[in-house]
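First the structure, in the form of structure tokens, and then the observations on it.
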Amino acid sequence: MSTVTQSAPSRRPRDFAFSWADAGPFLALAALLVIGFLVNPDFLSVTNLSNVITRSAFIAIIAVGATFVISSGGLDLSVGSMAAFITGITILFMNAMAPSWGAWAIPAGMVVALMTGLACGLANGVIVTVGKIEPFIATLGTMGIFRALITYMSDGGTIPIDRTLREAYRPVYFGTVGGIPIPILVSLAVAAIASFILYKTKYGRKCAAAGANEDVARYSGISIVRTRTIAYVVQGACVAIAAICYVPRLGAATPTTGVLWELQVITAVVIGGTALRGGKGHIWGTVAGAVILELIANLMVLSDFVSEYLVAAVQGVIIIIAMLIQRFSK
Amino acid sequence: MSTVTQSAPSRRPRDFAFSWADAGPFLALAALLVIGFLVNPDFLSVTNLSNVITRSAFIAIIAVGATFVISSGGLDLSVGSMAAFITGITILFMNAMAPSWGAWAIPAGMVVALMTGLACGLANGVIVTVGKIEPFIATLGTMGIFRALITYMSDGGTIPIDRTLREAYRPVYFGTVGGIPIPILVSLAVAAIASFILYKTKYGRKCAAAGANEDVARYSGISIVRTRTIAYVVQGACVAIAAICYVPRLGAATPTTGVLWELQVITAVVIGGTALRGGKGHIWGTVAGAVILELIANLMVLSDFVSEYLVAAVQGVIIIIAMLIQRFSK
Amino acid sequence: MADNLDRERMVPRDANATSKAASGACLLRTRGLSKQYGPVTVLSNVSIEIEAGEIHAIIGENGAGKSTLMRLISGYVDPSAGSLEIEGHAVSFATPHEAQDAGIVLVHQEILLADGLTVAENLFLGRELTRNGVVDDRRMQQIAADKLAELGCHVSPNRLVRDVALADRQLVQIARALLDDYKLVIFDEPTAVLTGNEVERLLDIVLRLKERNIGVLYISHRLDEVQRLADKVTVLRDGKMVGTYPGRTLSQMDMAELMVGRELSALYPPKSDAKPGEPMLRVMNATVPGYVEDVSFTAHKGEILGLAGMVGAGRTELFEGLVGLRPASARIELNGVPLHIRSQREAIDAGIGYLTEDRKAKGLLLQERLAPNLTLSALGRFHPGLYLRKRRETAALAEAVAQYDIRLKSLKVTAGQLSGGNQQKLLLAKILLTDPSVVIIDEPTRGIDIANKAQIYTFIRKLVGQGKACIVISSEMQELIGLCDRILIMRQGRINGEVSGEQMTETNIALFATADTEGGQAAVGGRA
Amino acid sequence: ADKKTVAVSIPAADHGWTAGVVYHAQAAAKEINAAFPDVEVIVKTSPSATAQVSALEDLSAGRKLDALVILPQTSEELTMPVKAVKDSGAFITVVDRGLNDPAIQDLYVAGDNIAVGKNTAKFLVEKLGGKGNLVVLRGIPTVIDDERIKGFQDGIAGSDLKILDIQYANWNSDEAFKLMQDYLAKYPQIDAVWANDDDMLLGVLEAVKESGRTDIKFALGGNGMKDIVKKVIDGDAMTPVETPYPPSMIKTAIYMTVANLVGHAPVRGTVKLDAPLITQANAAEFYFPDSPF
Ligand SMILES: Nc1ncnc2c1ncn2[C@@H]1O[C@H](COP(=O)(O)OP(=O)(O)OP(=O)(O)O)[C@@H](O)[C@H]1O
Ligand SMILES: Nc1ncnc2c1ncn2[C@@H]1O[C@H](COP(=O)(O)OP(=O)(O)OP(=O)(O)O)[C@@H](O)[C@H]1O
Ligand SMILES: O[C@@H]1[C@@H](O)[C@H](O)OC[C@H]1O
Ligand SMILES: [Mg+2]
Ligand SMILES: [Mg+2]
């Protein structure tokens, strides 16, 4: 997949904290906030913004992982069903342990979630790199597999978290530290670590090189197989972290958990300024992209002049406009 | 930029009718037929195969268009909702005309469908090429727009075709010519014309060149904007043709018509041997890919050893294996 | 074959063997290296020896197998037969990286950089410097800037490779090979895209490598460089070794004849005595934002007009702007008729053909076969009615292969599998297929061997003889002087001078290319 | 300013039945907003459970809700968020798909999914003389789907009716068409088909018609889609009966909720809509030609 004629020169991220290359999505974000305020002043209320940003945390965290995968020249369509699968496994494990371990089942469950995520990511990575299958197809396949597994585990129904754990686990989504909701803190931490890895370590360079030009990377002694596989593993870890934050919000895993997240995730990454064909990744742009998507949905709920049937159309139009702003700002 | 050294020699389609480059998917197809027969001998019954191939016709026709788009370096996620939208417009038009024009409303409706398809394709093309927006995002946007429009037009419900037209229109899906179902004939005709265009005309060359290397195409005097836009228009026409065949099948357009077709379409194209990053397109491989997908689904129903919950998993595994066969056969 | 080389100064291979008998194991020895692609043999039974501190040149015609040999030595390609020895120990490399670990590095003939990454990132790719596990960008940028400056390249290490000029990319590539201490550095036509100053600097660096007792394998079609540098010269012809000769004993003519196996006539065709014809292409007030400002010139019918200048003078940008490949403004007249060119297509249709200097990224579809590449700009000619006539394409290819002497082992190869020089010839054929009346060729003989150069020059002369105008952009002053009727010299985005006839000397051109107009003109004594 | 706000949160129109829900909800909102100047009904649709949770947050962050009428996408995921709305003091009406904790709702309006399955099954047992081969198409993995299947299985228990196959067709007519074609290819003798939703039945009928097979005696659905009720009225041989599961239950729920806010008689508890067998005799009562469903 390549893009249009005159690929604008994208500048290089200098520092891992912030870079000018990421400014585009932030401009789009600012524009959206202004529009939102004009539509409904409540839009900028602290509660509303905090709700929306908290919510966008899942997609943001997963999309940070996707930035690695896409930057390295891959793609992962399985993230949504992987999230459902990990949530399912985690809840089953926590529920099984709750009687004997009490609230300790929660941290143990988190470890299980992480392990599962790493394993799923590894599976994706190996199929793509060792199996040499176009990532789109490979992860479409595993998407079906993860989705079926969660359906099977839940017997087509839901896997709710044990009531005894529920209250203890709640703060992971609903709690705040210093007034800031925990999911927001988690996603900031994930993004900070990710941008450190992507911009400040050798691995990050390899990732961008593998995505920018496979041959050159290979000739420079970079193992494409290893680099891209690791990107998928990072993606798995991010999905696991998102799933961990997600459990208390919805309290259950169902066969429909995370349906179509993959599209949102990829959209967030691209709106954030990372090219789908690979190369330099833009972590903070991705985070902004995730927030933009969630804000658009929020705006649809808060505004009253769009017919319920046309919400999707307006969202589509806004996304396209956001991309135009982003491109224009370059 | 890749190198001279290790690039596997990619073979060139010689004739528009068939080429060795397309052999991979046909091998996978053959393997699937053998497995199917072993699982359930009914699989190879004429009725079953004719049903399945007829069904695969929609995806095949749309995927032929997608082969142009992908070959030229684009991507179109909007095909499913575009199909629903065209179906809706067409039925509304036919129903409105039926009282005065009688059965003539049907061919007139087909013309309307085609016009709508061309217009939708043009819109996609212009947004991607002139707007210079990453195709993934642009068509994700229009996907939302088309979907919302059909939902709006149908008030969220269904738009059934007028009873008076129904019988006259039925043969377009259910009829046969010389014992071969009409949708199969239509899809063969579409594929034949498409491969003529892609392999035997100037435009086909331009398409492949634009997808293989934009700069080289530009420096050779090829307009990327025009070439890629035309590819989207061809895609629109193919979606319209598929929609025309589809209407009599269920006699209505609904907000869920064509949901997730885009994934099937892209999968068919990729299984068929066309690379997602653009370049040479493989029309007949695409057709084989579409048939493979439908056969896998059919096999799942005909076999008895897969739990209903795990169907998606087995499908995922088979798709991955089909890709491995494809790759292996190269 | 070597048997007809009976002149005494051409010492046969054995002499070489005796000369090194005393020194023990040499740095690198190849034994019977061969390479086949399918049924096609591109290299057979090549045995050479390179000593530490020796500059060993490999010469041969386009497609002789030079690059293939280098790729075999440096781990990019596996040999079909034969073996390698380093300092007496048998080695084999699965990857280029292994070869690098063993001390062998190759500077590719073709640019191999990731153009979405910066200069510094490319330079250090795969061997980033770190401090406490954190990549040390500041230090890498510093070193990059220093290394590049040594080579006379002053691009910022922070720029994306895609935004820097071809010559600078080549210098980045060279710098990559100089970053670590290797035992053997292989240069495959390193100067093909460089201009005078940079070439000098590079030759200097090569000599300094030799001083540091590093072995150098050096491939070039610029035989003057070979003559200046080489301690030994190995000649390849058609995949086979002709022989290895002590460098300084061979004249350029000797080398050329060894390469082609026959006697050569003059390199440049005689210039026509006829006065230049009518003005054909008139360009007035051409501006390419950021690169070229207010340039006007005229190319006449039957004239070969040269464009000289240093890297970054803006020659490429000027013509890319004129043919609609980048934003530009200009008034253009062709045969007195004003033209408005907004795209390459319109330029081609108007009869202006432009051949890019960057054949690999902008000229050819490397994964595609030869015929579709050849016809890509002129598809209309093969599409008389409903469909493309493949037979005509095949015929056109056969004709081009004969006319431009494109060397290939099989008509089924892809453009990317052609040798560098033959790619260039294919590209030339591609542009001329559009039958332009004004032909603009950016670096016409980049990477082309001496015999083929002569052919191409003759060819260009023939073109203008047919009433076309030809504009040649070249960084080789010799080439411009030998070929052109008149030369414009660009400097910093403007035309800084013009020379013709007797005044076409390297000194004059260099003056105009470097000094500002007054100084230059004073020295030459007014414009011709 | 002292307008009372009633939020209605329902799934987006993703198939015929939910489209009916959206239609009736909007109709109710329009009528009520016109009729009661001091009540404002806001309807919001959500395409997924996650989106619905977000919508709840958004609705209650922006304004104070006096009442919430909700048809949850899924039970588990919406339970806690609805409780949060309840805790802010709103009156809660739950429709169709229930919540996990019934204590949260003030009012529950629903159809009887067990009965949908069981009544259909009983009809088949009787008409087929307690013997025969059945194939079943089910919807998407949800509690409602499970209940209908369970009701059906209970209904045929003890008879010699045999379910040859049961698979998901996601309440989608196109998928049902394919699945039915495949069932027909797989089983040479099928006496009756049950699709647990009328959207799917449409696809089933098309496939049966096209196959020209004569062994299928009954093809039944459920939900009260107008086209199917019409068939019953017309005395269709293959589809002589139907079970109602009217999407208009949302309208009922909205009206009852509003009555709670403006009226004096508080309505609380559970309203379970019956799912009697619709036959030619009573079909006219269940036929609404103007509804989109
Ligand atoms: N992958 C390949 N498959 C088939 N033939 C190849 C392949 N790579 C190179 N060749 C052929 O091998 C021959 C030698 O090519 P090579 O690049 O070594 O020539 P060269 O001496 O470097 O020429 P030049 O001076 O033009 O660069 C050419 O005929 C080329 O077409
Ligand atoms: N003013 C400038 N500042 C910085 N870089 C410049 C400037 N002018 C030109 N360059 C660099 O030099 C390049 C222009 O080189 P270009 O290839 O156009 O020159 P040329 O005269 O055609 O030289 P060549 O002999 O390499 O073809 C630009 O792409 C840019 O990277
Ligand atoms: O959406 C569901 C509908 O399709 C089914 O038939 O009945 C229950 C609803 O929740
Ligand atoms: Mg070479
Ligand atoms: Mg140049």
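Lettering and numbering for the structure tokens are positional, with chains as A, B, ... in the shown order, residues counted from 1 in each chain, and ligands counted from 1 in the shown order.
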
Each chain C residue no farther than 8 Å from ligand 4, nearest pair in Å, only C-alpha atoms and all ligand atoms, as JSON lines:
{"residue": "C:Asn62", "atom": "CA", "partner": "ligand 4", "partner_atom_place_in_ligand_line": "1 (Mg)", "distance": 6.9}
{"residue": "C:Gly63", "atom": "CA", "partner": "ligand 4", "partner_atom_place_in_ligand_line": "1 (Mg)", "distance": 6.8}
{"residue": "C:Gly65", "atom": "CA", "partner": "ligand 4", "partner_atom_place_in_ligand_line": "1 (Mg)", "distance": 7.0}
{"residue": "C:Lys66", "atom": "CA", "partner": "ligand 4", "partner_atom_place_in_ligand_line": "1 (Mg)", "distance": 5.6}
{"residue": "C:Ser67", "atom": "CA", "partner": "ligand 4", "partner_atom_place_in_ligand_line": "1 (Mg)", "distance": 4.0}
{"residue": "C:Thr68", "atom": "CA", "partner": "ligand 4", "partner_atom_place_in_ligand_line": "1 (Mg)", "distance": 7.1}
{"residue": "C:Gln109", "atom": "CA", "partner": "ligand 4", "partner_atom_place_in_ligand_line": "1 (Mg)", "distance": 6.1}
{"residue": "C:Asp188", "atom": "CA", "partner": "ligand 4", "partner_atom_place_in_ligand_line": "1 (Mg)", "distance": 6.7}
{"residue": "C:Glu189", "atom": "CA", "partner": "ligand 4", "partner_atom_place_in_ligand_line": "1 (Mg)", "distance": 7.4}
{"residue": "C:Ser419", "atom": "CA", "partner": "ligand 4", "partner_atom_place_in_ligand_line": "1 (Mg)", "distance": 5.2}
{"residue": "C:Gly420", "atom": "CA", "partner": "ligand 4", "partner_atom_place_in_ligand_line": "1 (Mg)", "distance": 4.9}
{"residue": "C:Gly421", "atom": "CA", "partner": "ligand 4", "partner_atom_place_in_ligand_line": "1 (Mg)", "distance": 6.8}
{"residue": "C:Gly447", "atom": "CA", "partner": "ligand 4", "partner_atom_place_in_ligand_line": "1 (Mg)", "distance": 7.7}

Would you put the residues from that selection into a file with N, CA, C and O atoms, as an mmCIF file, in the first residue's frame?
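Final output, saved to out.cif:
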data_model
loop_
_atom_site.group_PDB
_atom_site.id
_atom_site.type_symbol
_atom_site.label_atom_id
_atom_site.label_comp_id
_atom_site.auth_asym_id
_atom_site.auth_seq_id
_atom_site.Cartn_x
_atom_site.Cartn_y
_atom_site.Cartn_z
ATOM 1 N N ASN C 62 30.160 -3.104 -19.521
ATOM 2 C CA ASN C 62 28.887 -3.233 -18.810
ATOM 3 C C ASN C 62 28.410 -4.680 -18.920
ATOM 4 O O ASN C 62 28.385 -5.256 -20.000
ATOM 5 N N GLY C 63 28.059 -5.221 -17.794
ATOM 6 C CA GLY C 63 27.553 -6.591 -17.798
ATOM 7 C C GLY C 63 28.660 -7.628 -17.765
ATOM 8 O O GLY C 63 28.394 -8.821 -17.853
ATOM 9 N N GLY C 65 30.328 -8.527 -15.309
ATOM 10 C CA GLY C 65 30.244 -9.322 -14.092
ATOM 11 C C GLY C 65 30.977 -8.711 -12.911
ATOM 12 O O GLY C 65 31.156 -9.363 -11.877
ATOM 13 N N LYS C 66 31.372 -7.464 -13.033
ATOM 14 C CA LYS C 66 32.141 -6.816 -11.970
ATOM 15 C C LYS C 66 31.337 -6.738 -10.678
ATOM 16 O O LYS C 66 31.796 -7.149 -9.608
ATOM 17 N N SER C 67 30.126 -6.178 -10.790
ATOM 18 C CA SER C 67 29.326 -6.026 -9.574
ATOM 19 C C SER C 67 28.986 -7.379 -8.981
ATOM 20 O O SER C 67 28.969 -7.551 -7.760
ATOM 21 N N THR C 68 28.735 -8.342 -9.848
ATOM 22 C CA THR C 68 28.426 -9.677 -9.351
ATOM 23 C C THR C 68 29.591 -10.222 -8.533
ATOM 24 O O THR C 68 29.402 -10.762 -7.438
ATOM 25 N N GLN C 109 27.208 -0.017 -6.191
ATOM 26 C CA GLN C 109 27.073 0.792 -7.400
ATOM 27 C C GLN C 109 25.758 1.566 -7.344
ATOM 28 O O GLN C 109 25.686 2.729 -7.699
ATOM 29 N N ASP C 188 32.240 0.087 -5.772
ATOM 30 C CA ASP C 188 31.690 -0.264 -7.084
ATOM 31 C C ASP C 188 31.206 1.022 -7.751
ATOM 32 O O ASP C 188 30.168 1.562 -7.408
ATOM 33 N N GLU C 189 31.991 1.524 -8.658
ATOM 34 C CA GLU C 189 31.711 2.770 -9.371
ATOM 35 C C GLU C 189 31.304 3.905 -8.431
ATOM 36 O O GLU C 189 30.237 4.487 -8.544
ATOM 37 N N SER C 419 22.835 -5.271 -15.503
ATOM 38 C CA SER C 419 23.940 -4.569 -14.865
ATOM 39 C C SER C 419 23.656 -3.079 -14.930
ATOM 40 O O SER C 419 22.860 -2.622 -15.747
ATOM 41 N N GLY C 420 24.306 -2.338 -14.046
ATOM 42 C CA GLY C 420 24.035 -0.908 -13.925
ATOM 43 C C GLY C 420 24.122 -0.178 -15.257
ATOM 44 O O GLY C 420 23.236 0.600 -15.620
ATOM 45 N N GLY C 421 25.170 -0.435 -15.990
ATOM 46 C CA GLY C 421 25.366 0.259 -17.249
ATOM 47 C C GLY C 421 24.275 -0.090 -18.252
ATOM 48 O O GLY C 421 23.797 0.769 -18.998
ATOM 49 N N GLY C 447 28.011 5.376 -15.377
ATOM 50 C CA GLY C 447 28.182 3.931 -15.227
ATOM 51 C C GLY C 447 28.280 3.172 -16.530
ATOM 52 O O GLY C 447 28.099 1.969 -16.554
#

Show me a table, sorted first by chain and then by increasing residue number, of the residues of chain D having an atom at most 10 Å from ligand 3, each with its shortest atom pair and the distance in Å to one decimal, counting only C-alpha atoms and all ligand atoms and written as CSV.
residue,atom,partner,partner_atom_place_in_ligand_line,distance
D:Pro11,CA,ligand 3,1 (O),8.3
D:Ala13,CA,ligand 3,1 (O),9.1
D:Asp14,CA,ligand 3,1 (O),8.3
D:His15,CA,ligand 3,4 (O),6.7
D:Gly16,CA,ligand 3,4 (O),7.0
D:Trp17,CA,ligand 3,4 (O),4.8
D:Thr18,CA,ligand 3,1 (O),5.4
D:Ala19,CA,ligand 3,1 (O),9.0
D:Gly20,CA,ligand 3,1 (O),9.6
D:Val21,CA,ligand 3,1 (O),8.7
D:Leu71,CA,ligand 3,10 (O),8.1
D:Pro72,CA,ligand 3,10 (O),8.6
D:Gln73,CA,ligand 3,10 (O),7.9
D:Thr74,CA,ligand 3,10 (O),9.1
D:Val95,CA,ligand 3,10 (O),9.0
D:Asp96,CA,ligand 3,10 (O),6.1
D:Arg97,CA,ligand 3,10 (O),5.9
D:Gly98,CA,ligand 3,10 (O),9.7
D:Ala110,CA,ligand 3,8 (C),9.3
D:Gly111,CA,ligand 3,8 (C),8.1
D:Asp112,CA,ligand 3,8 (C),9.7
D:Asn113,CA,ligand 3,8 (C),7.9
D:Val116,CA,ligand 3,7 (O),9.6
D:Arg138,CA,ligand 3,6 (O),9.5
D:Gly139,CA,ligand 3,4 (O),7.4
D:Ile140,CA,ligand 3,4 (O),8.8
D:Thr142,CA,ligand 3,10 (O),8.7
D:Val143,CA,ligand 3,10 (O),9.2
D:Ile144,CA,ligand 3,8 (C),6.2
D:Asp145,CA,ligand 3,5 (C),7.5
D:Arg148,CA,ligand 3,7 (O),9.1
D:Asn170,CA,ligand 3,4 (O),8.8
D:Trp171,CA,ligand 3,4 (O),6.0
D:Asn172,CA,ligand 3,4 (O),8.9
D:Ala195,CA,ligand 3,6 (O),9.6
D:Asn196,CA,ligand 3,6 (O),6.7
D:Asp197,CA,ligand 3,6 (O),4.5
D:Asp198,CA,ligand 3,6 (O),7.1
D:Asp199,CA,ligand 3,4 (O),7.8
D:Met200,CA,ligand 3,6 (O),9.2
D:Gly221,CA,ligand 3,6 (O),9.2
D:Gly222,CA,ligand 3,6 (O),7.1
D:Asn223,CA,ligand 3,6 (O),5.7
D:Gly224,CA,ligand 3,6 (O),9.2
D:Met225,CA,ligand 3,6 (O),9.6
D:Pro244,CA,ligand 3,6 (O),9.7
D:Tyr245,CA,ligand 3,7 (O),6.6
D:Pro246,CA,ligand 3,7 (O),8.6
D:Pro247,CA,ligand 3,9 (C),8.0

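Taking only C-alpha atoms and all ligand atoms into account, ligand 5 has within 10 Å the residues Ala165, Leu166, Ala167, Val193, Leu194, Ala308, Gly309, Met310, Val311, Gly312, Ala313, Gly314, Arg315, Thr316, Glu317, Leu318, Phe319, Glu320, Thr356, Glu357, Asp358, Asp442, Glu443, Ile473, Ser474 and Ser475 of chain C.
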
Same residues, N, CA, C and O atoms, output as a compact mmCIF listing (two decimals), in the first residue's frame:
# COMPACT_ATOMS: atom_id res chain seq x y z
N ALA C 165 20.48 15.35 -2.53
CA ALA C 165 20.83 15.07 -3.92
C ALA C 165 21.52 13.72 -4.05
O ALA C 165 22.11 13.19 -3.11
N LEU C 166 21.46 13.22 -5.26
CA LEU C 166 22.00 11.90 -5.54
C LEU C 166 23.48 11.80 -5.15
O LEU C 166 23.91 10.83 -4.53
N ALA C 167 24.24 12.84 -5.51
CA ALA C 167 25.66 12.79 -5.21
C ALA C 167 25.88 12.71 -3.70
O ALA C 167 26.74 11.97 -3.22
N VAL C 193 28.34 9.13 -9.83
CA VAL C 193 27.42 10.26 -9.66
C VAL C 193 28.11 11.48 -9.04
O VAL C 193 27.46 12.42 -8.63
N LEU C 194 29.42 11.45 -8.98
CA LEU C 194 30.12 12.57 -8.35
C LEU C 194 30.69 13.53 -9.38
O LEU C 194 30.89 13.18 -10.54
N ALA C 308 26.96 22.31 -17.44
CA ALA C 308 27.95 21.93 -16.45
C ALA C 308 27.62 22.62 -15.13
O ALA C 308 26.82 23.55 -15.07
N GLY C 309 28.26 22.17 -14.07
CA GLY C 309 28.04 22.79 -12.77
C GLY C 309 28.42 21.84 -11.67
O GLY C 309 28.64 20.66 -11.90
N MET C 310 28.51 22.39 -10.48
CA MET C 310 28.82 21.54 -9.34
C MET C 310 27.54 20.88 -8.85
O MET C 310 26.46 21.29 -9.20
N VAL C 311 27.73 19.89 -7.98
CA VAL C 311 26.55 19.28 -7.38
C VAL C 311 25.76 20.35 -6.67
O VAL C 311 26.32 21.21 -6.00
N GLY C 312 24.46 20.34 -6.85
CA GLY C 312 23.64 21.32 -6.17
C GLY C 312 23.52 22.62 -6.93
O GLY C 312 22.89 23.55 -6.45
N ALA C 313 24.08 22.68 -8.13
CA ALA C 313 23.97 23.90 -8.91
C ALA C 313 22.53 24.09 -9.39
O ALA C 313 22.14 25.19 -9.77
N GLY C 314 21.78 23.01 -9.41
CA GLY C 314 20.37 23.14 -9.75
C GLY C 314 20.05 22.73 -11.17
O GLY C 314 18.98 23.03 -11.68
N ARG C 315 20.96 22.02 -11.82
CA ARG C 315 20.71 21.65 -13.21
C ARG C 315 19.54 20.68 -13.30
O ARG C 315 18.62 20.85 -14.11
N THR C 316 19.59 19.67 -12.47
CA THR C 316 18.51 18.68 -12.49
C THR C 316 17.18 19.35 -12.20
O THR C 316 16.19 19.15 -12.91
N GLU C 317 17.15 20.18 -11.18
CA GLU C 317 15.90 20.85 -10.81
C GLU C 317 15.38 21.73 -11.93
O GLU C 317 14.18 21.79 -12.18
N LEU C 318 16.30 22.41 -12.61
CA LEU C 318 15.88 23.29 -13.71
C LEU C 318 15.08 22.49 -14.74
O LEU C 318 13.97 22.86 -15.11
N PHE C 319 15.65 21.37 -15.16
CA PHE C 319 14.99 20.64 -16.23
C PHE C 319 13.78 19.86 -15.74
O PHE C 319 12.79 19.71 -16.45
N GLU C 320 13.86 19.38 -14.52
CA GLU C 320 12.66 18.73 -13.96
C GLU C 320 11.52 19.73 -13.89
O GLU C 320 10.37 19.41 -14.13
N THR C 356 16.03 10.91 -16.66
CA THR C 356 16.44 11.23 -15.29
C THR C 356 17.83 10.71 -14.96
O THR C 356 18.29 9.74 -15.55
N GLU C 357 18.46 11.38 -14.02
CA GLU C 357 19.78 10.92 -13.59
C GLU C 357 19.67 9.77 -12.59
O GLU C 357 20.63 9.08 -12.33
N ASP C 358 18.47 9.57 -12.04
CA ASP C 358 18.31 8.57 -10.97
C ASP C 358 17.58 7.36 -11.53
O ASP C 358 16.41 7.15 -11.30
N ASP C 442 20.08 13.75 -18.57
CA ASP C 442 20.77 14.07 -17.33
C ASP C 442 21.75 12.94 -17.06
O ASP C 442 21.33 11.82 -16.78
N GLU C 443 23.01 13.24 -17.16
CA GLU C 443 24.06 12.23 -16.95
C GLU C 443 23.90 11.03 -17.88
O GLU C 443 23.53 9.95 -17.47
N ILE C 473 23.24 17.13 -19.62
CA ILE C 473 23.69 17.57 -18.30
C ILE C 473 24.73 16.56 -17.87
O ILE C 473 24.46 15.36 -17.88
N SER C 474 25.89 17.02 -17.52
CA SER C 474 26.89 16.04 -17.12
C SER C 474 27.82 16.62 -16.10
O SER C 474 28.09 17.82 -16.06
N SER C 475 28.31 15.75 -15.24
CA SER C 475 29.28 16.17 -14.26
C SER C 475 30.69 15.85 -14.72
O SER C 475 31.65 16.13 -14.02

Might you pull out every residue within 9 Å of Ala210 (chain B), with only C-alpha atoms counted and same-chain residues fewer than 6 positions away left off, and present them as a PDB file with N, CA and C atoms, in the first residue's frame?
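Output saved as around-v5.pdb:
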ATOM      1  N   SER B  71      -3.650  -2.827  -7.146  1.00  0.00           N
ATOM      2  CA  SER B  71      -2.541  -2.840  -8.102  1.00  0.00           C
ATOM      3  C   SER B  71      -1.995  -1.431  -8.326  1.00  0.00           C
ATOM      4  N   SER B  72      -2.886  -0.449  -8.385  1.00  0.00           N
ATOM      5  CA  SER B  72      -2.434   0.920  -8.647  1.00  0.00           C
ATOM      6  C   SER B  72      -1.869   1.591  -7.404  1.00  0.00           C
ATOM      7  N   GLY B  73      -1.817   0.851  -6.293  1.00  0.00           N
ATOM      8  CA  GLY B  73      -1.233   1.408  -5.083  1.00  0.00           C
ATOM      9  C   GLY B  73      -2.251   1.998  -4.126  1.00  0.00           C
ATOM     10  N   VAL B 216       8.769   6.422 -10.821  1.00  0.00           N
ATOM     11  CA  VAL B 216       9.056   5.962 -12.179  1.00  0.00           C
ATOM     12  C   VAL B 216       7.851   6.246 -13.072  1.00  0.00           C
ATOM     13  N   ALA B 217       6.667   5.981 -12.545  1.00  0.00           N
ATOM     14  CA  ALA B 217       5.468   6.232 -13.342  1.00  0.00           C
ATOM     15  C   ALA B 217       5.388   7.710 -13.704  1.00  0.00           C
ATOM     16  N   ARG B 218       5.602   8.570 -12.735  1.00  0.00           N
ATOM     17  CA  ARG B 218       5.505   9.999 -12.974  1.00  0.00           C
ATOM     18  C   ARG B 218       6.534  10.452 -14.008  1.00  0.00           C
ATOM     19  N   ILE B 222       3.204   9.370 -16.705  1.00  0.00           N
ATOM     20  CA  ILE B 222       1.927   8.803 -16.287  1.00  0.00           C
ATOM     21  C   ILE B 222       1.373   9.650 -15.151  1.00  0.00           C
ATOM     22  N   SER B 223       0.115  10.027 -15.253  1.00  0.00           N
ATOM     23  CA  SER B 223      -0.471  10.816 -14.186  1.00  0.00           C
ATOM     24  C   SER B 223      -0.975   9.877 -13.091  1.00  0.00           C
ATOM     25  N   ILE B 224      -0.359   9.987 -11.931  1.00  0.00           N
ATOM     26  CA  ILE B 224      -0.747   9.115 -10.828  1.00  0.00           C
ATOM     27  C   ILE B 224      -2.182   9.420 -10.428  1.00  0.00           C
ATOM     28  N   THR B 227      -4.535   7.934 -13.090  1.00  0.00           N
ATOM     29  CA  THR B 227      -4.507   6.475 -13.108  1.00  0.00           C
ATOM     30  C   THR B 227      -5.204   5.897 -11.885  1.00  0.00           C
ATOM     31  N   ARG B 228      -4.870   6.450 -10.737  1.00  0.00           N
ATOM     32  CA  ARG B 228      -5.432   5.870  -9.526  1.00  0.00           C
ATOM     33  C   ARG B 228      -6.915   6.213  -9.407  1.00  0.00           C
ATOM     34  N   GLY B 278       0.891  -2.944  -3.893  1.00  0.00           N
ATOM     35  CA  GLY B 278       0.718  -2.462  -5.253  1.00  0.00           C
ATOM     36  C   GLY B 278       1.631  -3.143  -6.249  1.00  0.00           C
ATOM     37  N   GLY B 279       1.431  -2.846  -7.512  1.00  0.00           N
ATOM     38  CA  GLY B 279       2.190  -3.490  -8.579  1.00  0.00           C
ATOM     39  C   GLY B 279       1.278  -4.366  -9.422  1.00  0.00           C
TER      40      GLY B 279
END
